[in-house]
Structure formats: structure tokens, C-alpha cells
file model_5.txt (compact mmCIF, C-alpha atoms)
# COMPACT_ATOMS: atom_id res chain seq x y z
CA MET A 1 -19.49 31.96 -8.27
CA ALA A 2 -16.99 34.21 -6.53
CA SER A 3 -14.08 32.02 -7.59
CA LEU A 4 -15.31 32.03 -11.20
CA ALA A 5 -15.56 35.82 -11.15
CA ASP A 6 -12.06 36.07 -9.69
CA ARG A 7 -10.76 33.74 -12.40
CA VAL A 8 -12.38 35.83 -15.14
CA ARG A 9 -10.91 39.02 -13.66
CA GLY A 10 -7.50 37.35 -13.41
CA ASN A 11 -7.61 36.19 -17.03
CA GLY A 12 -8.71 39.67 -18.08
CA ARG A 13 -5.75 41.25 -16.31
CA ILE A 14 -3.34 38.80 -17.96
CA ALA A 15 -4.89 39.45 -21.39
CA ALA A 16 -4.56 43.21 -20.84
CA GLY A 17 -0.93 42.79 -19.76
CA LEU A 18 -0.15 40.70 -22.83
CA LEU A 19 -1.80 43.23 -25.14
CA PHE A 20 0.12 46.10 -23.55
CA ASN A 21 3.40 44.19 -23.90
CA LEU A 22 2.57 43.44 -27.55
CA LEU A 23 2.07 47.12 -28.39
CA VAL A 24 5.16 48.49 -26.62
CA SER A 25 7.41 45.63 -27.83
CA ILE A 26 6.53 46.26 -31.47
CA CYS A 27 7.02 50.00 -30.99
CA ILE A 28 10.49 49.65 -29.47
CA VAL A 29 11.79 47.27 -32.16
CA PHE A 30 10.99 49.68 -34.98
CA LEU A 31 11.97 52.78 -33.00
CA ASN A 32 15.39 51.36 -32.02
CA LYS A 33 16.04 50.25 -35.59
CA TRP A 34 15.14 53.76 -36.77
CA ILE A 35 17.51 55.32 -34.22
CA TYR A 36 20.38 53.04 -35.33
CA VAL A 37 19.81 53.72 -39.03
CA HIS A 38 19.06 57.45 -39.01
CA HIS A 39 21.12 58.70 -36.08
CA GLY A 40 23.74 56.01 -35.43
CA PHE A 41 23.28 56.30 -31.67
CA PRO A 42 25.67 53.83 -29.95
CA ASN A 43 24.07 50.55 -28.90
CA MET A 44 25.33 50.16 -25.33
CA SER A 45 24.71 53.82 -24.59
CA LEU A 46 21.12 53.43 -25.74
CA THR A 47 20.79 50.43 -23.44
CA LEU A 48 22.16 52.49 -20.56
CA VAL A 49 19.54 55.17 -21.25
CA HIS A 50 16.88 52.42 -21.13
CA PHE A 51 18.11 51.23 -17.72
CA VAL A 52 18.28 54.71 -16.23
CA VAL A 53 14.83 55.71 -17.51
CA THR A 54 13.42 52.41 -16.22
CA TRP A 55 14.79 53.11 -12.74
CA LEU A 56 13.57 56.73 -12.82
CA GLY A 57 10.12 55.55 -13.90
CA LEU A 58 10.00 53.10 -10.99
CA TYR A 59 11.26 55.76 -8.59
CA ILE A 60 8.39 58.03 -9.63
CA CYS A 61 5.92 55.13 -9.24
CA GLN A 62 7.28 54.48 -5.76
CA LYS A 63 6.90 58.14 -4.78
CA LEU A 64 3.30 58.04 -6.04
CA ASP A 65 2.68 55.02 -3.74
CA ILE A 66 1.98 52.74 -6.70
CA PHE A 67 4.15 50.13 -4.99
CA ALA A 68 6.16 49.81 -1.78
CA PRO A 69 9.89 48.95 -2.09
CA LYS A 70 11.11 45.85 -0.29
CA SER A 71 14.66 45.58 1.04
CA LEU A 72 16.57 42.91 -0.90
CA PRO A 73 20.16 41.66 -0.46
CA PRO A 74 22.27 42.75 -3.49
CA SER A 75 23.99 39.35 -3.62
CA LYS A 76 20.64 37.76 -4.47
CA LEU A 77 20.24 40.05 -7.50
CA LEU A 78 23.80 40.05 -8.89
CA LEU A 79 23.33 37.31 -11.51
CA LEU A 80 19.93 38.72 -12.48
CA ALA A 81 21.45 42.19 -12.98
CA LEU A 82 24.28 40.77 -15.10
CA SER A 83 21.88 38.75 -17.24
CA PHE A 84 19.67 41.85 -17.62
CA CYS A 85 22.64 43.71 -19.10
CA GLY A 86 23.46 40.84 -21.42
CA PHE A 87 19.82 40.38 -22.38
CA VAL A 88 19.36 43.94 -23.61
CA VAL A 89 22.88 44.48 -25.01
CA PHE A 90 22.98 41.29 -27.08
CA THR A 91 19.42 41.64 -28.37
CA ASN A 92 20.13 45.25 -29.38
CA LEU A 93 23.38 44.18 -31.07
CA SER A 94 21.43 41.46 -32.88
CA LEU A 95 18.88 44.03 -34.06
CA GLN A 96 21.68 46.35 -35.15
CA ASN A 97 23.51 43.66 -37.18
CA ASN A 98 20.57 41.64 -38.57
CA THR A 99 17.41 42.28 -40.53
CA ILE A 100 14.26 42.66 -38.40
CA GLY A 101 13.01 39.30 -39.69
CA THR A 102 16.20 37.42 -38.75
CA TYR A 103 16.34 39.25 -35.41
CA GLN A 104 12.82 38.15 -34.53
CA LEU A 105 13.28 34.58 -35.81
CA ALA A 106 16.41 34.10 -33.73
CA LYS A 107 14.50 35.24 -30.64
CA ALA A 108 12.01 32.42 -31.29
CA MET A 109 14.73 29.99 -30.12
CA THR A 110 14.32 31.41 -26.61
CA THR A 111 11.38 29.06 -25.96
CA PRO A 112 13.30 25.81 -26.64
CA VAL A 113 16.26 27.06 -24.60
CA ILE A 114 14.02 28.04 -21.65
CA ILE A 115 12.35 24.63 -21.71
CA ALA A 116 15.79 22.95 -21.77
CA ILE A 117 17.00 25.07 -18.81
CA GLN A 118 13.88 24.43 -16.74
CA THR A 119 13.95 20.71 -17.59
CA PHE A 120 17.61 20.04 -16.77
CA CYS A 121 18.27 22.67 -14.08
CA TYR A 122 14.89 23.00 -12.34
CA GLN A 123 13.50 19.48 -12.96
CA LYS A 124 10.31 20.92 -14.46
CA SER A 125 8.35 18.71 -16.86
CA PHE A 126 6.41 19.79 -19.97
CA SER A 127 3.65 18.01 -21.87
CA ALA A 128 4.33 16.24 -25.16
CA ARG A 129 2.23 18.85 -27.00
CA ILE A 130 4.47 21.67 -25.77
CA GLN A 131 7.59 19.70 -26.66
CA LEU A 132 6.29 19.01 -30.21
CA THR A 133 5.85 22.76 -30.83
CA LEU A 134 9.63 23.11 -30.53
CA ILE A 135 10.22 21.17 -33.76
CA PRO A 136 8.75 23.71 -36.25
CA ILE A 137 10.27 26.59 -34.26
CA THR A 138 13.78 25.12 -34.42
CA VAL A 139 13.54 24.01 -38.06
CA GLY A 140 12.15 27.39 -39.12
CA VAL A 141 14.98 29.32 -37.46
CA ILE A 142 17.64 27.04 -39.00
CA LEU A 143 16.14 27.36 -42.50
CA ASN A 144 15.86 31.15 -42.23
CA SER A 145 19.47 31.45 -41.03
CA TYR A 146 20.71 29.27 -43.91
CA TYR A 147 18.77 31.02 -46.68
CA ASP A 148 18.86 34.60 -45.39
CA VAL A 149 20.12 36.74 -48.28
CA LYS A 150 21.64 39.14 -45.76
CA PHE A 151 23.34 36.46 -43.65
CA ASN A 152 25.72 38.09 -41.19
CA PHE A 153 27.99 35.80 -39.14
CA LEU A 154 28.63 38.44 -36.46
CA GLY A 155 24.92 39.15 -36.29
CA MET A 156 24.18 35.44 -35.78
CA VAL A 157 26.77 35.25 -32.97
CA PHE A 158 25.08 38.17 -31.20
CA ALA A 159 21.68 36.54 -31.81
CA ALA A 160 22.82 33.22 -30.29
CA LEU A 161 24.32 34.94 -27.24
CA GLY A 162 21.15 37.00 -26.91
CA VAL A 163 19.00 33.86 -26.91
CA LEU A 164 21.10 32.15 -24.22
CA VAL A 165 21.29 35.14 -21.88
CA THR A 166 17.64 36.09 -22.46
CA SER A 167 16.56 32.55 -21.58
CA LEU A 168 18.55 32.58 -18.34
CA TYR A 169 17.26 36.05 -17.51
CA GLN A 170 13.60 35.13 -18.00
CA VAL A 171 13.91 31.94 -15.98
CA TRP A 172 15.59 33.87 -13.16
CA VAL A 173 12.99 36.67 -13.26
CA GLY A 174 10.23 34.20 -12.45
CA ALA A 175 12.35 32.27 -9.94
CA LYS A 176 13.48 35.39 -8.06
CA GLN A 177 9.96 36.80 -7.72
CA HIS A 178 8.85 33.58 -6.05
CA GLU A 179 12.07 33.07 -4.07
CA LEU A 180 12.17 36.62 -2.66
CA GLN A 181 8.37 37.04 -2.46
CA VAL A 182 8.32 40.30 -4.41
CA ASN A 183 6.25 41.65 -7.30
CA SER A 184 7.55 42.83 -10.67
CA MET A 185 8.01 46.47 -9.63
CA GLN A 186 9.79 45.63 -6.38
CA LEU A 187 12.26 43.34 -8.13
CA LEU A 188 12.97 45.67 -11.06
CA TYR A 189 13.31 48.68 -8.69
CA TYR A 190 16.45 47.16 -7.13
CA GLN A 191 17.77 45.33 -10.14
CA ALA A 192 17.63 48.17 -12.72
CA PRO A 193 20.11 50.51 -10.92
CA MET A 194 22.53 47.59 -10.41
CA SER A 195 22.42 46.85 -14.14
CA SER A 196 22.82 50.57 -14.92
CA ALA A 197 25.96 50.78 -12.77
CA MET A 198 27.45 47.70 -14.45
CA LEU A 199 26.78 49.08 -17.91
CA LEU A 200 28.10 52.53 -16.97
CA ILE A 201 31.46 50.93 -16.16
CA ALA A 202 31.48 48.92 -19.41
CA VAL A 203 30.42 51.63 -21.89
CA PRO A 204 33.77 53.56 -22.01
CA PHE A 205 35.60 50.35 -23.00
CA PHE A 206 33.40 49.78 -26.06
CA GLU A 207 32.04 53.16 -27.15
CA PRO A 208 33.07 56.83 -27.10
CA VAL A 209 31.57 58.84 -24.25
CA PHE A 210 32.26 62.39 -25.43
CA GLY A 211 32.62 63.87 -28.90
CA GLU A 212 31.25 62.55 -32.19
CA GLY A 213 29.26 59.34 -31.72
CA GLY A 214 29.45 59.41 -27.90
CA ILE A 215 26.50 59.43 -25.54
CA PHE A 216 27.38 63.03 -24.55
CA GLY A 217 28.22 64.01 -28.13
CA PRO A 218 26.63 66.77 -30.23
CA TRP A 219 23.34 65.03 -30.96
CA SER A 220 20.47 66.85 -32.63
CA LEU A 221 17.31 67.64 -30.67
CA SER A 222 15.32 65.14 -32.75
CA ALA A 223 17.87 62.38 -31.95
CA LEU A 224 17.72 63.12 -28.22
CA LEU A 225 13.91 63.14 -28.23
CA MET A 226 13.83 59.78 -30.04
CA VAL A 227 16.32 58.30 -27.56
CA LEU A 228 14.26 59.58 -24.62
CA LEU A 229 11.09 58.17 -26.17
CA SER A 230 12.88 54.84 -26.63
CA GLY A 231 13.81 54.90 -22.94
CA VAL A 232 10.21 55.51 -21.87
CA ILE A 233 8.96 52.66 -24.05
CA ALA A 234 11.77 50.41 -22.73
CA PHE A 235 10.52 51.11 -19.19
CA MET A 236 7.07 49.90 -20.24
CA VAL A 237 8.53 46.83 -21.97
CA ASN A 238 10.69 45.87 -18.95
CA LEU A 239 7.86 46.31 -16.48
CA SER A 240 5.37 44.34 -18.58
CA ILE A 241 7.87 41.48 -19.09
CA TYR A 242 8.39 41.15 -15.32
CA TRP A 243 4.65 41.32 -14.67
CA ILE A 244 3.76 38.70 -17.29
CA ILE A 245 6.47 36.23 -16.19
CA GLY A 246 5.58 36.71 -12.52
CA ASN A 247 1.87 36.11 -13.20
CA THR A 248 2.23 33.31 -15.76
CA SER A 249 5.56 31.65 -16.66
CA PRO A 250 8.61 32.19 -18.92
CA VAL A 251 7.23 29.64 -21.41
CA THR A 252 3.83 31.39 -21.60
CA TYR A 253 5.56 34.71 -22.19
CA ASN A 254 7.64 33.22 -25.02
CA MET A 255 4.71 31.46 -26.66
CA PHE A 256 3.03 34.86 -26.76
CA GLY A 257 6.30 36.20 -28.15
CA HIS A 258 5.80 34.10 -31.30
CA PHE A 259 2.61 36.04 -31.98
CA LYS A 260 4.54 39.30 -31.51
CA PHE A 261 7.14 37.98 -33.93
CA CYS A 262 4.53 37.40 -36.66
CA ILE A 263 3.18 40.94 -36.34
CA THR A 264 6.66 42.52 -36.24
CA LEU A 265 7.82 40.44 -39.21
CA PHE A 266 4.71 41.48 -41.16
CA GLY A 267 5.41 45.12 -40.31
CA GLY A 268 9.01 44.81 -41.48
CA TRP A 269 7.89 43.08 -44.70
CA LYS A 270 5.34 45.80 -45.46
CA LYS A 271 7.99 48.45 -44.85
CA SER A 272 10.41 46.69 -47.24
CA ILE A 273 7.73 46.43 -49.95
CA SER A 274 6.89 50.13 -49.58
CA ALA A 275 10.58 51.05 -49.83
CA GLN A 276 11.00 48.93 -52.98
CA GLN A 277 7.95 50.49 -54.59
CA GLY A 278 9.25 53.95 -53.72
CA SER A 279 12.63 53.20 -55.35
CA HIS A 280 10.88 52.21 -58.60
CA ASP A 281 8.76 55.38 -58.80
call {"tool": "encode", "arguments": {"input": "model_5.txt", "output": "C-alpha cells"}}
result
Amino acid sequence: MASLADRVRGNGRIAAGLLFNLLVSICIVFLNKWIYVHHGFPNMSLTLVHFVVTWLGLYICQKLDIFAPKSLPPSKLLLLALSFCGFVVFTNLSLQNNTIGTYQLAKAMTTPVIIAIQTFCYQKSFSARIQLTLIPITVGVILNSYYDVKFNFLGMVFAALGVLVTSLYQVWVGAKQHELQVNSMQLLYYQAPMSSAMLLIAVPFFEPVFGEGGIFGPWSLSALLMVLLSGVIAFMVNLSIYWIIGNTSPVTYNMFGHFKFCITLFGGWKKSISAQQGSHD
């Protein structure tokens, strides 16, 4: 009976974690798109804000004794930190250059890529039922890309790079937690500042730092508040991703991601319909 109760509690915690990730993931997609459209805040700079706020959030959690940091060798986290940068940068660039529907559909290819990586690089096997689910996912993404009325070649390049790097990142997140015997907070606590430092070096080569359009430019108070809110939500997204992958698997997280995609796509469709109706009034 005790083991059954423990199993029920464990499943309840996972369900709560998935629900929390669902809510914050949908929020950040629409909020980031709104920031790009209405304020034109630079993409990489927004990503840097996300990293810094994530680290600050974890630092506060550590000071409140929510978790205890564990000393980790930086060399063990280097590839993870690089993939973390690529994961967020390329997915944000994909969102910036594609419609929300195309952005979400492209992300659906993460599941087939993760399964391919784990099959060929980690010798992990998957059941025939899981493998068969890859067929409609792949066909659906190809058809959407071909018939998308707002097809953007640059956007599709960013989407493809985002899928590859995201897949590697998610596989490594799970592998590193088991390899280093750390939880989600302990791993992200050391990895987030490394990624922030890498991005801080890269930003001046791609975006202005001062003046109009720079991260330290003359932004309005509303723009700064929206960027800060985006950073807080990104902290919640990052933490929940690590927790879910560490407690389930990268494939489970991505299968759940298809459900998130349907809700986000529906939200984007409703928004488009409302905008069209407003333009005809």
C-alpha cells in the first residue's frame, strides 16, 4: 500500500509539473511575440535577460534554502551551456521570423530528432508504437512548411537549427543530471551563469548595446516591465523543463510538448480571427 501511495504522489507531482510548464510556456510564447512586434526589443539581448533573471531566481532560491548548491567542474557543463545558448537563441529567432503556427510546428520535429540521437548515440531502444507516432509528426511539419502562405526561408533555417540544438540540449539535460547526480536546480544554478557569460560576449557582435535598439537604449517603462516579466516567466520555463526531463525523459517532455503546441496554435488562430474581424469593422 505504501508503494502505491508513493506512486500516486509521484504521478501527481509530475502532472503538476507538466501543468505548470504548460501554463508558463504558452505565456512566454505570446509575450515574447508581443515584445518583438510592439517594442522591437533585440532577440539575443532578450535571451540574455532571460539567462540573468534565471540565475538570479536560482540564487534567491539558494539563499532561501530551497536547494543546496553542489560543486560541479565547469568542463562538464561547457557543451550544455553552449547548447542552452543555441536552444534559446535559435528558438527565439524562429519565433521572430515565423508565424506562431509554423514556429510551433517546427518544434514538433524535436521528438523525432531526440529519438534518433538517443537511438544512434546512446543505444536506447523505443517501442514500435512510439516510432509510428513519428510518421504523422514528420509529414505534418513538411506539409505545413510547403503550404505556409508566409513561408520564410531564413525563418525555416533558424527553425531547423533550433530543433537540432534543442534536441541535443534536452538529451544532455537528462544525461547530465544522472551523470553528475544533481537535481534540476543544482544543474541550472551552475549552467545558467556560464550561458549568460557566453551570450554577453556574443551580443555586441550581432546587436547594438547602447543607443536606439540596444539593450541599454532608451526603452519605455512599459517595454522594460514587459522584458522583466518575460525574464521571470523564462526562469519558470527553464526550471520546469529541467525538472520534467530529470523526473521523466526528453521524449516524455516532447510528447507533452505536442499538447502545448495544439493549445498555442489554437490561441494564435483565435487571435488572427479576432484581428481579421476587427479590420472588417
call {"tool": "closest_atom_pairs", "arguments": {"input": "model_5.txt", "of": "region 129-200 of chain A", "to": "region 73-96 of chain A", "cutoff": "12 Å", "atoms": "only C-alpha atoms", "output": "CSV"}}
result
residue,atom,partner,partner_atom,distance
A:Asn152,CA,A:Ser94,CA,9.9
A:Phe153,CA,A:Ser94,CA,10.7
A:Leu154,CA,A:Ser94,CA,8.6
A:Gly155,CA,A:Ser94,CA,5.4
A:Met156,CA,A:Ser94,CA,7.2
A:Val157,CA,A:Ser94,CA,8.2
A:Phe158,CA,A:Ser94,CA,5.2
A:Ala159,CA,A:Ser94,CA,5.0
A:Ala160,CA,A:Phe90,CA,8.7
A:Leu161,CA,A:Phe90,CA,6.5
A:Gly162,CA,A:Phe90,CA,4.7
A:Val163,CA,A:Thr91,CA,7.9
A:Leu164,CA,A:Phe87,CA,8.5
A:Val165,CA,A:Phe87,CA,5.5
A:Thr166,CA,A:Phe87,CA,4.8
A:Ser167,CA,A:Phe87,CA,8.5
A:Leu168,CA,A:Ser83,CA,7.1
A:Tyr169,CA,A:Ser83,CA,5.4
A:Gln170,CA,A:Phe84,CA,9.1
A:Val171,CA,A:Leu80,CA,9.7
A:Trp172,CA,A:Leu80,CA,6.5
A:Val173,CA,A:Leu80,CA,7.3
A:Gly174,CA,A:Leu80,CA,10.7
A:Ala175,CA,A:Leu80,CA,10.3
A:Lys176,CA,A:Leu77,CA,8.2
A:Gln177,CA,A:Leu77,CA,10.8
A:Glu179,CA,A:Lys76,CA,9.8
A:Leu180,CA,A:Lys76,CA,8.7
A:Gln186,CA,A:Leu77,CA,11.9
A:Leu187,CA,A:Leu77,CA,8.7
A:Leu188,CA,A:Ala81,CA,9.4
A:Tyr189,CA,A:Leu77,CA,11.1
A:Tyr190,CA,A:Leu77,CA,8.1
A:Gln191,CA,A:Ala81,CA,5.6
A:Ala192,CA,A:Ala81,CA,7.1
A:Pro193,CA,A:Ala81,CA,8.7
A:Met194,CA,A:Ala81,CA,6.1
A:Ser195,CA,A:Ala81,CA,4.9
A:Ser196,CA,A:Cys85,CA,8.0
A:Ala197,CA,A:Ala81,CA,9.7
A:Met198,CA,A:Leu82,CA,7.6
A:Leu199,CA,A:Cys85,CA,6.9
A:Leu200,CA,A:Cys85,CA,10.6
call {"tool": "closest_residue", "arguments": {"input": "model_5.txt", "among": "A:Met185, A:Val139, A:Val37, A:Leu46", "to": "Ile60 (chain A)", "atoms": "all atoms listed in the file"}}
result
A:Met185
call {"tool": "residues_around", "arguments": {"input": "model_5.txt", "residues": "Gly214 (chain A)", "least_positions_apart": "5", "cutoff": "9 Å", "atoms": "only C-alpha atoms", "output": "list in words"}}
result
Phe41, Pro42, Ser45, Glu207, Pro208, Val209 and Trp219 of chain A
call {"tool": "write_last_selection", "arguments": {"input": "model_5.txt", "atoms": "C-alpha atoms", "output": "CSV table (one decimal), in the frame of the given file"}}
result
chain,number,residue,atom,x,y,z
A,41,PHE,CA,23.3,56.3,-31.7
A,42,PRO,CA,25.7,53.8,-30.0
A,45,SER,CA,24.7,53.8,-24.6
A,207,GLU,CA,32.0,53.2,-27.2
A,208,PRO,CA,33.1,56.8,-27.1
A,209,VAL,CA,31.6,58.8,-24.2
A,219,TRP,CA,23.3,65.0,-31.0
call {"tool": "atom_distance", "arguments": {"input": "model_5.txt", "atom1": "CA of Ala202 (chain A)", "atom2": "CA of Asn32 (chain A)"}}
result
20.6 Å
call {"tool": "closest_residue", "arguments": {"input": "model_5.txt", "among": "A:Tyr122, A:Asn43, A:His178, A:Thr248", "to": "Asn97 (chain A)", "atoms": "only C-alpha atoms"}}
result
A:Asn43
call {"tool": "closest_residue", "arguments": {"input": "model_5.txt", "among": "A:Trp34, A:Ile117, A:Trp243, A:Phe205", "to": "Ile14 (chain A)", "atoms": "only C-alpha atoms"}}
result
A:Trp243
call {"tool": "closest_residue", "arguments": {"input": "model_5.txt", "among": "A:Leu72, A:Ala234, A:Ile142, A:Leu221", "to": "Gln181 (chain A)", "atoms": "all atoms listed in the file"}}
result
A:Leu72
call {"tool": "atom_distance", "arguments": {"input": "model_5.txt", "atom1": "CA of Tyr59 (chain A)", "atom2": "CA of Leu239 (chain A)"}}
result
12.8 Å
call {"tool": "closest_residue", "arguments": {"input": "model_5.txt", "among": "A:Val53, A:Met236, A:Ile215, A:Ile114", "to": "Gln131 (chain A)", "atoms": "only C-alpha atoms"}}
result
A:Ile114
call {"tool": "atom_distance", "arguments": {"input": "model_5.txt", "atom1": "CA of Leu105 (chain A)", "atom2": "CA of Trp55 (chain A)"}}
result
29.6 Å
call {"tool": "closest_residue", "arguments": {"input": "model_5.txt", "among": "A:Ile201, A:Thr138, A:Gly17, A:Gln118", "to": "Met44 (chain A)", "atoms": "all atoms listed in the file"}}
result
A:Ile201
